[in-house]
Amino acid sequence: MSNDANVKFRLSNSELWGGLIGLAFGGFVIWSGLKLKLGTINDPGSGYVLFYTGILICLFAITIIVSAVTEGGPTLASRWENTRWTKPLLIIACLTLFAFALDTFGFLLSAIPLMVLLLRVIDPVRWSLTIPLSILAPLGMWWILKHLLGIQLPSGVFEIG
Amino acid sequence: MDTLLNVGHGFGVALLPINLLYCFIGVFIGTLVGVLPGIGPISAMSLLLPVTLSGTPESGIIMMAGIYYGSMYGGSTTSILVNIPGEAASVVTCIDGHEMAKQGRAGPALGISAFGSFIAGTFALIALMLVAPKLASVAIAFGPAEYFSLMVLGLVVLTFLTQGSMAKALLMACIGVVLGLVGLDSITAMPRLTFGRLELIDGIGLVPVVMGLFGIAEVLLNTEQVIKRDVINTRITHLLPNKADWKASLGPVSRGTVLGFCLGILPGGGAVISSFASYALEKRLSKTPERFGKGAIEGVAGPESANNAAAGGAFIPLMTLGIPPNVVMALLLGAFVIHGLQPGPLLITQNPGLFWGIVASMYIGNLMLLVLNLPMIGMWVQLLKLPYNVLFPLIILFTIIGVYCSSNNVFDVYVMIAFGVIGYFMRKLGYEPAPLVLAFVLGPMLENNLRKSLILSQGDLMTFVERPISAACLAFALVLLIGPLLPALRRKRELVALDEGA
């Protein structure tokens, strides 16, 4: 870890960001609880538990923020130091593309390219293994689900699968 | 006498061919996911949760239970042969197990791990048979206040034992409660946090949340590192430990079994804690503690027995109180609920076939594991050579299919991907997902019991402290919450705090 890995009141302090996200989420939960009606202590309403849980979230988030400011915390960059951070980013991109394609193109037409991408882009596997694995794994799963378990996977606009 | 009759009835259920098949599938898959690093029992169980729908409740739950204790067995193989824990409970086995393997004693290490696990698993089942019905008869008298306090205690214990900052773990638990409350309010039927989406009316599914936080997030974390595998290549022989090995291991196996079982029952405790506690205990009791870390068989026998005994003990709070003590049991609770069953004090009397059938199947499963693990070591070693860049796309494909099958809904695949990304960033910033998932499952029950107790007591908060069991649970929870502020207790917590996630 580099020398500036532990910082106090700086925007690069990852602990500070974690606490701030928690605080914002807590605020949203409190607001949602209030909107849903708290009820009374004799007859708690739908928002009762949400409201008090929101308060707890804010309290814990403030504790994290205070600790981040007083004791410091690792920088955001140091959390990804010495890691191949582009790899998870690529997988997230592949999964996002797959999520968009799934409903439109169906399982088979989106899962096969997803497998090719995952096998070739992240830590490249040789083509002679990539092609059969990318085709046979989704096809095999689809066949088992459809013919043995009676589960229909999305077939998309082309109704393939 | 009644117990014997019930056990006989249980074996009648467990020995049905279909249940034997499900039990075998469960322990086989359990061993497989235990062996493979990067996929643990939590991912495997949530993946197979939809499959349990196709059979009877007995078959489905027998299979799920098999995956859990099977993974405890399988995890040790990877720890010993590759020095990578197959799942979190086997982390400590790496220390001496892999050292033994490097010294050419992989066989005895694997052997004692399998025998120790079998002895501990058997003890845990006998204790489960004796303790569970008695505890269930006491639990019938529990009211909503007791249930609420017990759940609070379970969550606090888990946050106390979670690695890193306790404030972060508590924050995660609270977020889990909020996520668990998404959907229709069970009392007023008012939609909460649904953002107008019809898919969220029934709440967020457990499977996409778990698969995202544990399955996808784990893959993302693993791919950013280069995983080096130091697989022991020599032929593994002499799986049966010799007389000296047995002599050295008998004490650790016995102590690990009792310790593991007791820790397994505690809410929030579990296999991971017990394996570390057993290792620490054996090292402290040893006349030659300097041998630990250099291939001491006691360092394998104790923790491996402890994690299997804990796996058996963890069934007690779920079966008798309906409260899952850890994330794995929360998934098992999901399997019960899918089949319209509610585990709790009435389960044993209303569904004796189910309860005793599951217990008996666990005994049969333990036997199957002993048979599976020893002769099939060679096959597991071959499997360990499967490179991660080929394995992870398959894990992703299986998680997508598993999540889709759990609800036949593409929306759940989106939810899983979203939780996968959230889980990755959470782990990078030091936020553990285990408290979130347990709170997610307990959240609706917690709210229900809190509101019921307030309505019944007409808003009198003293109801939680006037009832002795509830008061004791809350007092213990308070001690754990205040504890980390005291330097001595904070040091102890840091010593035992672990990652339950993998």
# chains A, B, ... in the order shown; residues from 1 in each chain; ligands from 1
$ select_by_dssp --residues "range 229-426 of chain B" --states "helix (DSSP H, G or I)" --output "ChimeraX atom specification"
/B:243-265,271-285,289-291,298-313,315-321,327-338,347-350,352-373,377-384,388-407,410-426
$ write_last_selection --atoms "C-alpha atoms" --output "short mmCIF file (atom, residue, chain, number, x, y, z; two decimals), in the first residue's frame"
data_model
loop_
_atom_site.label_atom_id
_atom_site.label_comp_id
_atom_site.auth_asym_id
_atom_site.auth_seq_id
_atom_site.Cartn_x
_atom_site.Cartn_y
_atom_site.Cartn_z
CA LYS B 243 -2.07 -45.77 15.59
CA ALA B 244 0.04 -42.74 16.54
CA ASP B 245 -2.16 -40.45 14.44
CA TRP B 246 -5.27 -41.79 16.13
CA LYS B 247 -3.72 -41.38 19.58
CA ALA B 248 -2.83 -37.76 18.85
CA SER B 249 -6.22 -37.03 17.28
CA LEU B 250 -8.65 -38.64 19.70
CA GLY B 251 -8.61 -35.74 22.19
CA PRO B 252 -8.86 -33.00 19.53
CA VAL B 253 -11.71 -34.84 17.77
CA SER B 254 -13.68 -35.22 21.04
CA ARG B 255 -13.08 -31.66 22.20
CA GLY B 256 -13.72 -30.23 18.73
CA THR B 257 -16.99 -32.16 18.50
CA VAL B 258 -18.40 -30.86 21.79
CA LEU B 259 -17.12 -27.32 21.24
CA GLY B 260 -18.41 -27.21 17.66
CA PHE B 261 -21.83 -28.50 18.60
CA CYS B 262 -22.25 -25.93 21.40
CA LEU B 263 -21.06 -23.05 19.18
CA GLY B 264 -23.25 -24.26 16.31
CA ILE B 265 -26.41 -23.93 18.42
CA ALA B 271 -18.91 -23.73 11.54
CA VAL B 272 -16.33 -21.01 10.87
CA ILE B 273 -16.13 -19.78 14.45
CA SER B 274 -15.99 -23.31 15.84
CA SER B 275 -13.10 -24.40 13.61
CA PHE B 276 -11.00 -21.41 14.69
CA ALA B 277 -11.98 -21.87 18.36
CA SER B 278 -11.03 -25.56 18.21
CA TYR B 279 -7.63 -24.78 16.66
CA ALA B 280 -6.92 -22.18 19.35
CA LEU B 281 -8.01 -24.62 22.07
CA GLU B 282 -5.82 -27.45 20.78
CA LYS B 283 -2.81 -25.19 20.47
CA ARG B 284 -3.32 -23.98 24.03
CA LEU B 285 -3.76 -27.50 25.43
CA PRO B 289 2.39 -25.95 20.68
CA GLU B 290 5.40 -25.14 18.49
CA ARG B 291 4.42 -28.08 16.22
CA GLU B 298 -4.23 -32.20 15.92
CA GLY B 299 -4.55 -28.95 13.96
CA VAL B 300 -6.54 -30.82 11.31
CA ALA B 301 -8.50 -33.25 13.51
CA GLY B 302 -9.90 -30.66 15.95
CA PRO B 303 -11.14 -27.96 13.52
CA GLU B 304 -12.51 -30.46 10.99
CA SER B 305 -14.52 -32.20 13.74
CA ALA B 306 -15.65 -28.87 15.14
CA ASN B 307 -17.00 -27.51 11.85
CA ASN B 308 -19.01 -30.66 11.18
CA ALA B 309 -20.43 -30.77 14.71
CA ALA B 310 -21.38 -27.10 14.34
CA ALA B 311 -23.15 -27.85 11.06
CA GLY B 312 -25.32 -30.36 12.94
CA GLY B 313 -25.87 -28.07 15.93
CA PHE B 315 -30.14 -27.19 12.82
CA ILE B 316 -31.42 -26.90 16.42
CA PRO B 317 -32.45 -23.21 16.48
CA LEU B 318 -33.97 -23.55 13.00
CA MET B 319 -35.93 -26.73 13.67
CA THR B 320 -37.10 -25.84 17.20
CA LEU B 321 -37.51 -22.06 17.14
CA VAL B 327 -26.99 -17.59 6.35
CA VAL B 328 -26.96 -21.26 5.33
CA MET B 329 -29.81 -22.02 7.72
CA ALA B 330 -31.63 -18.95 6.40
CA LEU B 331 -31.57 -20.60 2.98
CA LEU B 332 -32.84 -23.82 4.47
CA LEU B 333 -35.65 -21.81 6.05
CA GLY B 334 -36.38 -20.58 2.52
CA ALA B 335 -36.67 -24.21 1.38
CA PHE B 336 -39.14 -24.94 4.18
CA VAL B 337 -41.22 -21.87 3.32
CA ILE B 338 -41.27 -22.75 -0.41
CA LEU B 347 -42.73 -28.85 13.41
CA ILE B 348 -41.67 -31.93 15.37
CA THR B 349 -45.21 -32.76 16.53
CA GLN B 350 -47.05 -31.76 13.36
CA PRO B 352 -42.66 -35.93 12.69
CA GLY B 353 -41.91 -37.72 9.41
CA LEU B 354 -40.22 -34.64 8.03
CA PHE B 355 -38.19 -33.81 11.13
CA TRP B 356 -37.03 -37.33 11.95
CA GLY B 357 -36.60 -38.14 8.25
CA ILE B 358 -34.19 -35.21 7.85
CA VAL B 359 -32.26 -36.20 10.97
CA ALA B 360 -31.99 -39.84 9.85
CA SER B 361 -30.97 -38.78 6.34
CA MET B 362 -28.16 -36.73 7.83
CA TYR B 363 -26.79 -39.86 9.45
CA ILE B 364 -27.01 -41.73 6.15
CA GLY B 365 -25.45 -38.72 4.42
CA ASN B 366 -22.51 -38.80 6.84
CA LEU B 367 -21.93 -42.44 5.96
CA MET B 368 -22.18 -41.64 2.24
CA LEU B 369 -19.60 -38.88 2.69
CA LEU B 370 -17.16 -41.22 4.35
CA VAL B 371 -17.54 -43.63 1.43
CA LEU B 372 -17.42 -40.78 -1.12
CA ASN B 373 -14.52 -38.85 0.31
CA ILE B 377 -9.93 -38.31 -3.49
CA GLY B 378 -8.21 -38.82 -6.87
CA MET B 379 -11.22 -37.49 -8.72
CA TRP B 380 -11.44 -34.40 -6.49
CA VAL B 381 -7.72 -33.76 -7.07
CA GLN B 382 -8.28 -33.84 -10.86
CA LEU B 383 -11.16 -31.41 -10.42
CA LEU B 384 -8.90 -29.03 -8.50
CA TYR B 388 -10.51 -20.68 -12.78
CA ASN B 389 -10.81 -18.88 -16.13
CA VAL B 390 -12.83 -21.87 -17.39
CA LEU B 391 -14.72 -22.34 -14.14
CA PHE B 392 -16.01 -18.81 -13.50
CA PRO B 393 -18.04 -18.38 -16.75
CA LEU B 394 -19.77 -21.65 -15.87
CA ILE B 395 -20.48 -20.41 -12.32
CA ILE B 396 -21.99 -17.22 -13.79
CA LEU B 397 -24.10 -19.23 -16.24
CA PHE B 398 -25.38 -21.52 -13.48
CA THR B 399 -26.23 -18.59 -11.20
CA ILE B 400 -28.20 -16.88 -13.99
CA ILE B 401 -30.15 -20.06 -14.69
CA GLY B 402 -30.65 -20.79 -10.98
CA VAL B 403 -32.00 -17.32 -10.32
CA TYR B 404 -34.29 -17.37 -13.34
CA CYS B 405 -35.68 -20.78 -12.36
CA SER B 406 -36.40 -19.65 -8.80
CA SER B 407 -39.18 -17.35 -10.03
CA VAL B 410 -36.12 -12.00 -15.83
CA PHE B 411 -36.43 -9.21 -13.25
CA ASP B 412 -34.75 -11.45 -10.67
CA VAL B 413 -31.73 -11.82 -13.00
CA TYR B 414 -31.43 -8.01 -13.01
CA VAL B 415 -31.73 -8.00 -9.21
CA MET B 416 -28.96 -10.62 -8.96
CA ILE B 417 -26.62 -8.67 -11.24
CA ALA B 418 -27.31 -5.48 -9.26
CA PHE B 419 -26.61 -7.22 -5.94
CA GLY B 420 -23.50 -8.79 -7.45
CA VAL B 421 -22.10 -5.35 -8.27
CA ILE B 422 -23.22 -3.94 -4.89
CA GLY B 423 -21.71 -6.96 -3.12
CA TYR B 424 -18.39 -6.49 -4.91
CA PHE B 425 -18.10 -2.85 -3.89
CA MET B 426 -19.30 -3.70 -0.37
#
$ interface_residues --of "chain B" --to "chain A" --cutoff "6 Å" --atoms "only C-alpha atoms" --output "PyMOL selection string"
chain B and resi 167+171+220+224-225+389+393+454-455+458-459
$ write_last_selection --atoms "C-alpha atoms" --output "PDB file, in the first residue's frame"
ATOM      1  CA  ALA B 167     -20.551  -0.335  13.067  1.00  0.00           C
ATOM      2  CA  LEU B 171     -25.202  -0.992   9.273  1.00  0.00           C
ATOM      3  CA  LEU B 220     -15.700 -10.504  -9.393  1.00  0.00           C
ATOM      4  CA  GLU B 224      -9.168  -9.391  -9.987  1.00  0.00           C
ATOM      5  CA  GLN B 225      -6.508 -11.600  -8.411  1.00  0.00           C
ATOM      6  CA  ASN B 389     -10.814 -18.880 -16.128  1.00  0.00           C
ATOM      7  CA  PRO B 393     -18.037 -18.375 -16.752  1.00  0.00           C
ATOM      8  CA  LEU B 454     -46.501  -3.919  21.068  1.00  0.00           C
ATOM      9  CA  ILE B 455     -50.148  -4.485  20.147  1.00  0.00           C
ATOM     10  CA  GLN B 458     -50.743  -2.031  24.445  1.00  0.00           C
ATOM     11  CA  GLY B 459     -47.547  -0.228  23.714  1.00  0.00           C
TER      12      GLY B 459
END
$ atom_distance --atom1 "CA of Ala101 in chain B" --atom2 "CA of Leu36 in chain B"
18.1 Å
$ select_by_dssp --residues "range 172-311 of chain B" --states "strand (DSSP E)" --output "PyMOL selection string"
chain B and resi 183-184+191-192
$ closest_residue --among "B:Ile29, B:Gly215, B:Gly8, B:Phe24" --to "Ser46 in chain B" --atoms "only C-alpha atoms"
B:Gly215
$ residues_around --residues "range 474-481 of chain B" --least-positions-apart "4" --cutoff "6 Å" --atoms "only C-alpha atoms" --output "list in words"
Ser149, Leu153 and Val156 of chain B
$ atom_distance --atom1 "CA of Leu81 in chain B" --atom2 "CA of Leu240 in chain B"
16.5 Å
$ decode --residues "range 133-158 of chain A" --atoms "N, CA and C atoms" --output "PDB file, in the first residue's frame"
ATOM      1  N   LEU A 133     -17.428 -24.988 -25.455  1.00  0.00           N
ATOM      2  CA  LEU A 133     -17.961 -24.728 -24.114  1.00  0.00           C
ATOM      3  C   LEU A 133     -19.070 -23.670 -24.160  1.00  0.00           C
ATOM      4  N   SER A 134     -18.845 -22.619 -24.993  1.00  0.00           N
ATOM      5  CA  SER A 134     -19.832 -21.530 -25.078  1.00  0.00           C
ATOM      6  C   SER A 134     -21.144 -22.009 -25.685  1.00  0.00           C
ATOM      7  N   ILE A 135     -21.058 -22.983 -26.569  1.00  0.00           N
ATOM      8  CA  ILE A 135     -22.287 -23.460 -27.216  1.00  0.00           C
ATOM      9  C   ILE A 135     -22.919 -24.581 -26.394  1.00  0.00           C
ATOM     10  N   LEU A 136     -22.082 -25.524 -25.984  1.00  0.00           N
ATOM     11  CA  LEU A 136     -22.645 -26.715 -25.323  1.00  0.00           C
ATOM     12  C   LEU A 136     -23.191 -26.440 -23.922  1.00  0.00           C
ATOM     13  N   ALA A 137     -22.528 -25.576 -23.158  1.00  0.00           N
ATOM     14  CA  ALA A 137     -22.996 -25.337 -21.779  1.00  0.00           C
ATOM     15  C   ALA A 137     -24.395 -24.711 -21.764  1.00  0.00           C
ATOM     16  N   PRO A 138     -24.625 -23.579 -22.467  1.00  0.00           N
ATOM     17  CA  PRO A 138     -25.990 -23.024 -22.444  1.00  0.00           C
ATOM     18  C   PRO A 138     -27.014 -23.965 -23.092  1.00  0.00           C
ATOM     19  N   LEU A 139     -26.591 -24.605 -24.209  1.00  0.00           N
ATOM     20  CA  LEU A 139     -27.512 -25.500 -24.914  1.00  0.00           C
ATOM     21  C   LEU A 139     -27.889 -26.698 -24.028  1.00  0.00           C
ATOM     22  N   GLY A 140     -26.901 -27.255 -23.359  1.00  0.00           N
ATOM     23  CA  GLY A 140     -27.145 -28.391 -22.470  1.00  0.00           C
ATOM     24  C   GLY A 140     -28.072 -28.018 -21.328  1.00  0.00           C
ATOM     25  N   MET A 141     -27.811 -26.844 -20.720  1.00  0.00           N
ATOM     26  CA  MET A 141     -28.651 -26.387 -19.605  1.00  0.00           C
ATOM     27  C   MET A 141     -30.090 -26.153 -20.079  1.00  0.00           C
ATOM     28  N   TRP A 142     -30.179 -25.507 -21.278  1.00  0.00           N
ATOM     29  CA  TRP A 142     -31.512 -25.215 -21.832  1.00  0.00           C
ATOM     30  C   TRP A 142     -32.277 -26.529 -22.061  1.00  0.00           C
ATOM     31  N   TRP A 143     -31.566 -27.533 -22.608  1.00  0.00           N
ATOM     32  CA  TRP A 143     -32.222 -28.812 -22.919  1.00  0.00           C
ATOM     33  C   TRP A 143     -32.695 -29.503 -21.629  1.00  0.00           C
ATOM     34  N   ILE A 144     -31.836 -29.536 -20.629  1.00  0.00           N
ATOM     35  CA  ILE A 144     -32.202 -30.181 -19.354  1.00  0.00           C
ATOM     36  C   ILE A 144     -33.414 -29.480 -18.749  1.00  0.00           C
ATOM     37  N   LEU A 145     -33.364 -28.146 -18.736  1.00  0.00           N
ATOM     38  CA  LEU A 145     -34.462 -27.399 -18.100  1.00  0.00           C
ATOM     39  C   LEU A 145     -35.771 -27.583 -18.868  1.00  0.00           C
ATOM     40  N   LYS A 146     -35.679 -27.496 -20.204  1.00  0.00           N
ATOM     41  CA  LYS A 146     -36.903 -27.562 -21.005  1.00  0.00           C
ATOM     42  C   LYS A 146     -37.475 -28.982 -21.048  1.00  0.00           C
ATOM     43  N   HIS A 147     -36.615 -29.961 -21.303  1.00  0.00           N
ATOM     44  CA  HIS A 147     -37.137 -31.309 -21.545  1.00  0.00           C
ATOM     45  C   HIS A 147     -37.209 -32.176 -20.297  1.00  0.00           C
ATOM     46  N   LEU A 148     -36.348 -31.951 -19.328  1.00  0.00           N
ATOM     47  CA  LEU A 148     -36.388 -32.800 -18.134  1.00  0.00           C
ATOM     48  C   LEU A 148     -37.144 -32.155 -16.981  1.00  0.00           C
ATOM     49  N   LEU A 149     -36.964 -30.840 -16.803  1.00  0.00           N
ATOM     50  CA  LEU A 149     -37.608 -30.192 -15.655  1.00  0.00           C
ATOM     51  C   LEU A 149     -38.835 -29.366 -16.051  1.00  0.00           C
ATOM     52  N   GLY A 150     -39.061 -29.224 -17.339  1.00  0.00           N
ATOM     53  CA  GLY A 150     -40.253 -28.498 -17.805  1.00  0.00           C
ATOM     54  C   GLY A 150     -40.191 -27.003 -17.510  1.00  0.00           C
ATOM     55  N   ILE A 151     -38.984 -26.439 -17.445  1.00  0.00           N
ATOM     56  CA  ILE A 151     -38.841 -24.999 -17.177  1.00  0.00           C
ATOM     57  C   ILE A 151     -38.488 -24.293 -18.486  1.00  0.00           C
ATOM     58  N   GLN A 152     -39.290 -23.276 -18.848  1.00  0.00           N
ATOM     59  CA  GLN A 152     -39.079 -22.548 -20.098  1.00  0.00           C
ATOM     60  C   GLN A 152     -38.213 -21.317 -19.840  1.00  0.00           C
ATOM     61  N   LEU A 153     -37.056 -21.264 -20.477  1.00  0.00           N
ATOM     62  CA  LEU A 153     -36.215 -20.066 -20.361  1.00  0.00           C
ATOM     63  C   LEU A 153     -36.700 -19.035 -21.387  1.00  0.00           C
ATOM     64  N   PRO A 154     -36.396 -17.741 -21.193  1.00  0.00           N
ATOM     65  CA  PRO A 154     -36.895 -16.734 -22.141  1.00  0.00           C
ATOM     66  C   PRO A 154     -36.460 -17.056 -23.580  1.00  0.00           C
ATOM     67  N   SER A 155     -37.421 -16.969 -24.528  1.00  0.00           N
ATOM     68  CA  SER A 155     -37.074 -17.307 -25.911  1.00  0.00           C
ATOM     69  C   SER A 155     -36.906 -16.062 -26.778  1.00  0.00           C
ATOM     70  N   GLY A 156     -37.242 -14.878 -26.253  1.00  0.00           N
ATOM     71  CA  GLY A 156     -37.018 -13.617 -26.955  1.00  0.00           C
ATOM     72  C   GLY A 156     -37.923 -13.405 -28.156  1.00  0.00           C
ATOM     73  N   VAL A 157     -37.664 -12.309 -28.909  1.00  0.00           N
ATOM     74  CA  VAL A 157     -38.545 -11.971 -30.034  1.00  0.00           C
ATOM     75  C   VAL A 157     -38.429 -12.979 -31.180  1.00  0.00           C
ATOM     76  N   PHE A 158     -37.283 -13.654 -31.257  1.00  0.00           N
ATOM     77  CA  PHE A 158     -37.113 -14.638 -32.343  1.00  0.00           C
ATOM     78  C   PHE A 158     -37.653 -16.021 -31.955  1.00  0.00           C
TER      79      PHE A 158
END
